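In what follows, a single structure is set out as structure tokens and then discussed.
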Amino acid sequence: MKALHPKILELQKRFKGTLPQFASVDQHSLQTRAQFDTPAGTDETDHYVALFNVPDSYGTVAIRGCFTKSINERGPQSKANEKIIHLWMHDRHEPLGQLTMMEEDMIGLKVRVKWDVNASGMPTRIFNQTKSGTVRQNSYGFDYVWDKMEYDEDKGLVM
């Protein structure tokens with residue numbers, strides 16, 4: 001097993017025993033780097049939840065392949081009973097819609113959300129605010145995989 005960089009050890013100590021971390025990426029960053037698509041007249045959106053090699057709110061960087069296990073185990077095409085769903089503020093009591101596609105491409109983690117626009121309240125409001133640009137961030141929960149992480153001295157980022 002490789003020795004962990006002191007910055008990774010520091011991060012590991014800081015988050016020991018805590019819940020999964022949440023990283024957010026501003027939709028403006030996503031829009032400038034990748035298309036945010038809301039086809040007219042549909043209740044679906046395609047967008048990037050994470051961009052590869054772009055620092056998130058924690059100064060960590062998602063790298064290609066880091067979502068593969070989750071997609072395979074709990075993604076829309078998996079056989080899991082509890083598939084990953086689109087939530088408001090990570091609250092399991094505020095589901096917004098189903099993920100019908102999750103894939104890693106050269107840009108990042110791309111998802112297609114089929115919004116529950118027929119449900120009253122939150123899903124319809126957030127769907128409309130996402131389309132208008134009022135809601136501009138996405139975030140995802142993750143667990144650190146300590147022995148797979150590296151610290152980039154030049155950029156000061158955990159990858």
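Just so we're on the same page: first chain in the structure tokens is A, next is B, and so on; residues restart at 1 for each chain, and ligands are numbered from 1 in the order they show up.
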(request) Determine, counting only C-alpha atoms, which protein, DNA and RNA residues have an atom within 12 Å of an atom of A:Lys148; residues of the same chain fewer than 6 positions away are not included. Present the result as a ChimeraX atom specification. (result) /A:1-5,8,62-63,65-66,158-159
(request) Write down as a VMD selection string the residues of chain A whose backbone DSSP state falls under alpha helix (DSSP H). (result) chain A and resid 6 to 15 27 to 33 68 to 74 122 to 132
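You will find atom CA of A:Thr124 at 13.4 Å from atom CA of A:Gln98.
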(request) Identify, on the basis of only C-alpha atoms, every residue whose closest approach to A:Lys83 does not exceed 9 Å; exclude the query and any residue fewer than 3 positions from it along the same chain; express the result as a PyMOL selection string. (result) chain A and resi 73-80+98-99
(request) Taking the DSSP assignment computed from this structure's backbone, write out as a ChimeraX atom specification all residues of stretch 41-125 of chain A that belong to strand (DSSP E or B). (result) /A:44-51,55,60-61,85-88,91-104,108-115
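The spacing separating atom CA of A:Phe52 from atom CA of A:Asp105 amounts to 9.2 Å.
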(message) When you look at A:Trp115 with a cut-off of 10 Å (counting only C-alpha atoms), what residues show up, excluding the ones that are within fewer than 3 positions of it in the same chain? I need them as a list of chain:residue names.
(response) A:Thr42, A:Asp43, A:Glu44, A:Thr45, A:His86, A:Pro95, A:Leu96, A:Gly97, A:Gln98, A:Leu99, A:Arg112, A:Asn118, A:Ala119, A:Pro123, A:Thr124, A:Ile126, A:Phe127
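Minimum distance to A:Gln137 across A:Phe67, A:Asn81, A:Met89, A:Thr60 (counting only C-alpha atoms) occurs at A:Met89.
Using only C-alpha atoms, the nearest neighbour of A:Thr130 within the list A:Asp152, A:Val113, A:Leu51, A:Glu82 is A:Val113.
For the atom pair formed by atom CA of A:Lys114 and atom CA of A:Asn53, the distance is 27.2 Å, given to one decimal.
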